[in-house]
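J.: Pasting protein.cif here (mmCIF, C-alpha atoms):
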data_target
#
loop_
_atom_site.group_PDB
_atom_site.id
_atom_site.type_symbol
_atom_site.label_atom_id
_atom_site.label_comp_id
_atom_site.auth_asym_id
_atom_site.auth_seq_id
_atom_site.Cartn_x
_atom_site.Cartn_y
_atom_site.Cartn_z
ATOM 1 C CA MET A 1 0.000 0.000 0.000
ATOM 2 C CA LYS A 2 2.893 2.363 0.842
ATOM 3 C CA LEU A 3 4.473 1.705 -2.521
ATOM 4 C CA SER A 4 1.226 2.516 -4.255
ATOM 5 C CA MET A 5 0.950 5.850 -2.393
ATOM 6 C CA HIS A 6 4.541 6.781 -3.352
ATOM 7 C CA THR A 7 3.782 5.965 -6.989
ATOM 8 C CA LYS A 8 0.701 8.242 -6.935
ATOM 9 C CA VAL A 9 2.641 11.128 -5.398
ATOM 10 C CA LEU A 10 5.425 10.736 -7.942
ATOM 11 C CA ALA A 11 2.882 10.699 -10.797
ATOM 12 C CA MET A 12 1.250 13.900 -9.483
ATOM 13 C CA LEU A 13 4.613 15.670 -9.206
ATOM 14 C CA LEU A 14 5.549 14.701 -12.749
ATOM 15 C CA SER A 15 2.173 15.893 -14.044
ATOM 16 C CA ALA A 16 2.530 19.230 -12.262
ATOM 17 C CA GLY A 17 6.020 19.697 -13.726
ATOM 18 C CA LEU A 18 4.719 18.889 -17.192
ATOM 19 C CA PHE A 19 1.954 21.480 -16.929
ATOM 20 C CA ALA A 20 4.358 24.111 -15.625
ATOM 21 C CA GLY A 21 6.773 23.462 -18.494
ATOM 22 C CA CYS A 22 4.056 23.815 -21.112
ATOM 23 C CA SER A 23 2.427 26.945 -19.803
ATOM 24 C CA SER A 24 2.564 30.168 -21.802
ATOM 25 C CA THR A 25 4.448 33.196 -20.534
ATOM 26 C CA GLY A 26 1.930 35.573 -22.087
ATOM 27 C CA GLU A 27 4.562 37.198 -24.309
ATOM 28 C CA THR A 28 3.633 38.036 -27.864
ATOM 29 C CA MET A 29 5.885 37.523 -30.838
ATOM 30 C CA ASP A 30 6.719 40.265 -33.297
ATOM 31 C CA GLU A 31 5.419 39.709 -36.800
ATOM 32 C CA GLY A 32 7.866 37.520 -38.696
ATOM 33 C CA GLY A 33 9.361 35.991 -35.559
ATOM 34 C CA TYR A 34 8.937 32.295 -35.013
ATOM 35 C CA GLY A 35 8.432 30.583 -31.706
ATOM 36 C CA SER A 36 8.355 26.857 -31.233
ATOM 37 C CA ASP A 37 4.584 26.679 -31.737
ATOM 38 C CA VAL A 38 4.332 29.024 -34.695
ATOM 39 C CA ALA A 39 4.115 27.752 -38.241
ATOM 40 C CA ALA A 40 6.752 29.011 -40.640
ATOM 41 C CA VAL A 41 5.466 29.177 -44.187
ATOM 42 C CA ASP A 42 7.782 29.726 -47.127
ATOM 43 C CA GLN A 43 6.857 32.041 -49.972
ATOM 44 C CA ASP A 44 5.943 29.089 -52.158
ATOM 45 C CA GLY A 45 3.358 27.958 -49.622
ATOM 46 C CA SER A 46 5.254 24.999 -48.207
ATOM 47 C CA SER A 47 4.809 24.584 -44.502
ATOM 48 C CA VAL A 48 7.967 24.033 -42.500
ATOM 49 C CA TYR A 49 6.445 23.343 -39.090
ATOM 50 C CA GLY A 50 2.864 22.980 -37.980
ATOM 51 C CA GLY A 51 0.475 25.040 -40.049
ATOM 52 C CA ASP A 52 -3.048 24.288 -41.118
ATOM 53 C CA ASP A 53 -2.170 21.263 -43.228
ATOM 54 C CA GLU A 54 -1.721 19.108 -40.100
ATOM 55 C CA GLY A 55 1.241 17.432 -41.720
ATOM 56 C CA GLY A 56 4.200 19.002 -39.979
ATOM 57 C CA VAL A 57 6.978 19.142 -42.543
ATOM 58 C CA SER A 58 5.427 19.117 -45.986
ATOM 59 C CA SER A 59 5.511 20.566 -49.436
ATOM 60 C CA SER A 60 2.870 20.949 -52.042
ATOM 61 C CA ALA A 61 2.011 17.463 -53.249
ATOM 62 C CA LEU A 62 2.511 16.453 -56.875
ATOM 63 C CA THR A 63 -0.602 15.888 -58.875
ATOM 64 C CA GLU A 64 -1.086 12.429 -60.318
ATOM 65 C CA GLU A 65 -0.249 13.770 -63.779
ATOM 66 C CA GLU A 66 2.991 15.405 -62.543
ATOM 67 C CA ARG A 67 3.991 12.224 -60.726
ATOM 68 C CA MET A 68 3.401 10.104 -63.823
ATOM 69 C CA ALA A 69 5.365 12.571 -65.983
ATOM 70 C CA ALA A 70 8.259 12.436 -63.504
ATOM 71 C CA GLU A 71 8.202 8.629 -63.544
ATOM 72 C CA GLU A 72 8.199 8.635 -67.350
ATOM 73 C CA ARG A 73 11.197 11.015 -67.421
ATOM 74 C CA ALA A 74 13.059 8.785 -64.960
ATOM 75 C CA LYS A 75 12.277 5.711 -67.072
ATOM 76 C CA MET A 76 13.514 7.449 -70.228
ATOM 77 C CA GLU A 77 16.716 8.567 -68.499
ATOM 78 C CA ALA A 78 17.352 5.018 -67.311
ATOM 79 C CA LEU A 79 16.813 3.673 -70.830
ATOM 80 C CA ARG A 80 19.333 6.171 -72.193
ATOM 81 C CA ASP A 81 22.053 4.487 -70.123
ATOM 82 C CA ILE A 82 22.006 1.770 -72.788
ATOM 83 C CA THR A 83 24.128 2.936 -75.729
ATOM 84 C CA THR A 84 25.081 -0.301 -77.490
ATOM 85 C CA PHE A 85 22.679 -2.105 -79.811
ATOM 86 C CA TYR A 86 23.319 -5.595 -81.133
ATOM 87 C CA PHE A 87 22.416 -7.132 -84.494
ATOM 88 C CA ASP A 88 21.918 -10.624 -85.826
ATOM 89 C CA PHE A 89 24.396 -12.158 -88.245
ATOM 90 C CA ASP A 90 24.596 -10.468 -91.653
ATOM 91 C CA THR A 91 21.693 -8.057 -91.065
ATOM 92 C CA ALA A 92 21.111 -4.380 -90.304
ATOM 93 C CA GLU A 93 17.623 -4.890 -88.864
ATOM 94 C CA ILE A 94 17.036 -3.268 -85.450
ATOM 95 C CA LYS A 95 15.888 -5.812 -82.891
ATOM 96 C CA PRO A 96 12.450 -5.242 -81.309
ATOM 97 C CA GLU A 97 13.904 -5.079 -77.779
ATOM 98 C CA ALA A 98 16.075 -2.112 -78.837
ATOM 99 C CA ARG A 99 13.191 0.060 -80.047
ATOM 100 C CA ASP A 100 12.098 1.500 -76.682
ATOM 101 C CA VAL A 101 15.665 2.410 -75.817
ATOM 102 C CA LEU A 102 16.252 4.033 -79.203
ATOM 103 C CA MET A 103 12.957 5.891 -78.792
ATOM 104 C CA ALA A 104 14.267 7.346 -75.515
ATOM 105 C CA HIS A 105 17.430 8.491 -77.310
ATOM 106 C CA ALA A 106 15.387 10.031 -80.137
ATOM 107 C CA GLN A 107 13.225 11.972 -77.681
ATOM 108 C CA TYR A 108 16.310 13.167 -75.810
ATOM 109 C CA LEU A 109 17.862 14.421 -79.051
ATOM 110 C CA ALA A 110 14.585 16.084 -80.086
ATOM 111 C CA ASN A 111 14.383 17.866 -76.717
ATOM 112 C CA ASN A 112 18.066 18.870 -76.800
ATOM 113 C CA PRO A 113 18.800 20.288 -80.274
ATOM 114 C CA GLY A 114 22.368 21.234 -79.289
ATOM 115 C CA GLN A 115 23.255 17.623 -78.453
ATOM 116 C CA ASN A 116 25.087 15.562 -81.079
ATOM 117 C CA VAL A 117 25.658 11.822 -81.330
ATOM 118 C CA ARG A 118 28.012 9.634 -83.361
ATOM 119 C CA LEU A 119 26.705 6.230 -84.433
ATOM 120 C CA GLU A 120 29.559 3.746 -84.731
ATOM 121 C CA GLY A 121 28.713 0.651 -86.778
ATOM 122 C CA HIS A 122 30.609 -2.598 -86.231
ATOM 123 C CA ALA A 123 30.669 -6.124 -87.628
ATOM 124 C CA ASP A 124 32.239 -9.405 -86.575
ATOM 125 C CA GLU A 125 35.375 -10.780 -88.245
ATOM 126 C CA ARG A 126 33.598 -13.039 -90.732
ATOM 127 C CA GLY A 127 33.479 -11.687 -94.280
ATOM 128 C CA THR A 128 35.859 -9.390 -96.141
ATOM 129 C CA LYS A 129 36.994 -6.067 -94.727
ATOM 130 C CA GLU A 130 35.068 -4.215 -97.430
ATOM 131 C CA TYR A 131 31.886 -6.193 -96.791
ATOM 132 C CA ASN A 132 32.133 -5.637 -93.019
ATOM 133 C CA LEU A 133 32.689 -1.880 -93.490
ATOM 134 C CA ALA A 134 29.544 -1.730 -95.627
ATOM 135 C CA LEU A 135 27.592 -3.831 -93.109
ATOM 136 C CA GLY A 136 28.682 -1.580 -90.222
ATOM 137 C CA GLU A 137 27.565 1.434 -92.254
ATOM 138 C CA ARG A 138 24.155 -0.137 -93.004
ATOM 139 C CA ARG A 139 23.678 -0.814 -89.277
ATOM 140 C CA ALA A 140 24.615 2.749 -88.307
ATOM 141 C CA ASN A 141 22.314 4.125 -91.025
ATOM 142 C CA ALA A 142 19.427 1.949 -89.793
ATOM 143 C CA VAL A 143 19.801 3.411 -86.284
ATOM 144 C CA GLN A 144 20.104 6.908 -87.764
ATOM 145 C CA ARG A 145 16.842 6.488 -89.731
ATOM 146 C CA PHE A 146 15.062 5.229 -86.605
ATOM 147 C CA LEU A 147 16.238 8.231 -84.555
ATOM 148 C CA ILE A 148 15.239 10.727 -87.256
ATOM 149 C CA VAL A 149 11.795 9.192 -87.781
ATOM 150 C CA ASN A 150 11.232 9.465 -84.030
ATOM 151 C CA GLY A 151 12.156 13.132 -83.633
ATOM 152 C CA ALA A 152 15.929 13.596 -83.804
ATOM 153 C CA SER A 153 17.400 15.996 -86.342
ATOM 154 C CA ARG A 154 19.642 14.727 -89.141
ATOM 155 C CA GLY A 155 22.158 17.460 -88.256
ATOM 156 C CA GLN A 156 22.627 15.999 -84.764
ATOM 157 C CA ILE A 157 23.749 12.602 -86.022
ATOM 158 C CA GLU A 158 27.014 11.463 -87.560
ATOM 159 C CA THR A 159 27.543 7.886 -88.738
ATOM 160 C CA VAL A 160 30.818 6.005 -89.058
ATOM 161 C CA SER A 161 31.621 2.378 -89.785
ATOM 162 C CA TYR A 162 34.547 0.519 -88.307
ATOM 163 C CA GLY A 163 33.565 -2.838 -89.787
ATOM 164 C CA GLU A 164 35.598 -5.528 -88.020
ATOM 165 C CA GLU A 165 38.432 -3.154 -87.043
ATOM 166 C CA LYS A 166 37.354 -2.390 -83.454
ATOM 167 C CA PRO A 167 35.990 -5.568 -81.871
ATOM 168 C CA ALA A 168 34.422 -5.314 -78.435
ATOM 169 C CA VAL A 169 35.575 -8.870 -77.658
ATOM 170 C CA MET A 170 38.506 -10.763 -79.132
ATOM 171 C CA GLY A 171 37.831 -14.310 -80.248
ATOM 172 C CA SER A 172 36.321 -16.480 -82.920
ATOM 173 C CA SER A 173 33.316 -17.896 -81.105
ATOM 174 C CA GLU A 174 29.609 -17.255 -81.565
ATOM 175 C CA SER A 175 29.583 -15.373 -78.253
ATOM 176 C CA ALA A 176 32.413 -13.053 -79.338
ATOM 177 C CA TRP A 177 30.885 -12.505 -82.766
ATOM 178 C CA ALA A 178 27.494 -11.629 -81.244
ATOM 179 C CA GLN A 179 29.076 -8.930 -79.082
ATOM 180 C CA ASN A 180 30.944 -7.462 -82.050
ATOM 181 C CA ARG A 181 27.847 -7.050 -84.275
ATOM 182 C CA ARG A 182 26.733 -3.707 -82.887
ATOM 183 C CA VAL A 183 26.107 0.022 -83.181
ATOM 184 C CA GLU A 184 27.372 2.226 -80.365
ATOM 185 C CA LEU A 185 25.948 5.681 -79.638
ATOM 186 C CA VAL A 186 28.647 8.133 -78.570
ATOM 187 C CA PHE A 187 27.286 11.469 -77.340
ATOM 188 C CA ASP A 188 29.480 14.556 -77.708
#
Translate the structure of the given file into structure tokens.
T.:
Amino acid sequence: MKLSMHTKVLAMLLSAGLFAGCSSTGETMDEGGYGSDVAAVDQDGSSVYGGDDEGGVSSSALTEEERMAAEERAKMEALRDITTFYFDFDTAEIKPEARDVLMAHAQYLANNPGQNVRLEGHADERGTKEYNLALGERRANAVQRFLIVNGASRGQIETVSYGEEKPAVMGSSESAWAQNRRVELVFD
């Protein structure tokens, strides 16, 4: 019973101290001054502390349309990290899985008219040097046409063919050849 009485007294003392610590002094703040219980609102309407939005620290929320546009921009930027496009043996046909990535590059070039890109066409070691130079050029031209059709300017794009002269991987295996049949985008 004694322990219970001591606990009650201790609880009352703590409560009294809490009320005393939270009481107002009656002072008023000058306009523009911030106390601990006053909301600070930036010029753009964002609330830094408290405020009427009941959210504490907040900023104006993005609309659904703005959020989706931001996600689309982030997706396009991530796609633009891919700058090498591979081709099947003896063809200059763009693979279907490369189209979305090339579309992202085309939109970037359309939105940034001062940006230039060099398309470097390559081939594997099979075939003559002349044939491989022509094949690398056809591949680079295929990518160039795709970019132009999708918004890039012809003046932003330069094409060059290296044929078999600059392999990405040394070797005479199907794996090495597949990695050497490519077009690389090099942004200036």
J.: Just give me the gap between CA of Ala106 in chain A and CA of Asp124 in chain A in Å, one decimal is fine.
T.: 26.5 Å
J.: Nearest to Glu125 in chain A among A:Ala142, A:Ala69, A:Gly163, A:Asp90, with distances taken over all atoms listed in the file: which residue is it?
T.: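 Closest residue, counting all atoms listed in the file: A:Gly163.
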J.: From the list A:Glu77, A:Asp88, A:Glu120, A:Glu64, which residue is nearest Met103 in chain A when using all atoms listed in the file?
T.: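 Using all atoms listed in the file, the shortest distance to Met103 in chain A belongs to A:Glu77.
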J.: Find the spatial neighbours of Arg80 in chain A, counting only C-alpha atoms, within a cut-off of 8 Å - ignore same-chain residues fewer than 2 positions away - and output them as a list in words.
T.: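 Residues near the query, excluding close chain neighbours: Met76, Glu77, Ala78, Ile82, Thr83, Val101, Leu102, Ala104 and His105 of chain A.
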J.: Any chance you can output those residues with C-alpha atoms as a compact mmCIF listing (two decimals), in the frame of the given file?
T.:
# COMPACT_ATOMS: atom_id res chain seq x y z
CA MET A 76 13.51 7.45 -70.23
CA GLU A 77 16.72 8.57 -68.50
CA ALA A 78 17.35 5.02 -67.31
CA ILE A 82 22.01 1.77 -72.79
CA THR A 83 24.13 2.94 -75.73
CA VAL A 101 15.66 2.41 -75.82
CA LEU A 102 16.25 4.03 -79.20
CA ALA A 104 14.27 7.35 -75.52
CA HIS A 105 17.43 8.49 -77.31
J.: Check the smallest atom-to-atom distance from each of A:Arg73, A:Arg181, A:Arg154, A:Arg139 to Arg126 in chain A using all atoms listed in the file, then report the winner.
T.: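 With all atoms listed in the file as the atom set, the closest residue is A:Arg181.
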J.: Report, in Å to a single decimal, how far apart CA of Ala70 in chain A and CA of Gln107 in chain A are.
T.: 15.0 Å
J.: Might you spell out which residues the PyMOL selection byres ((chain A and resi 174-177) around 12) would select in the displayed file, as a ChimeraX atom specification?
T.: /A:86-90,122-127,164,167-173,178-182
J.: Expressed in Å to a single decimal, how great is the separation between CA of Asp81 in chain A and CA of Ala98 in chain A?
T.: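 Answer for the CA of Asp81 in chain A to CA of Ala98 in chain A separation: 12.5 Å.
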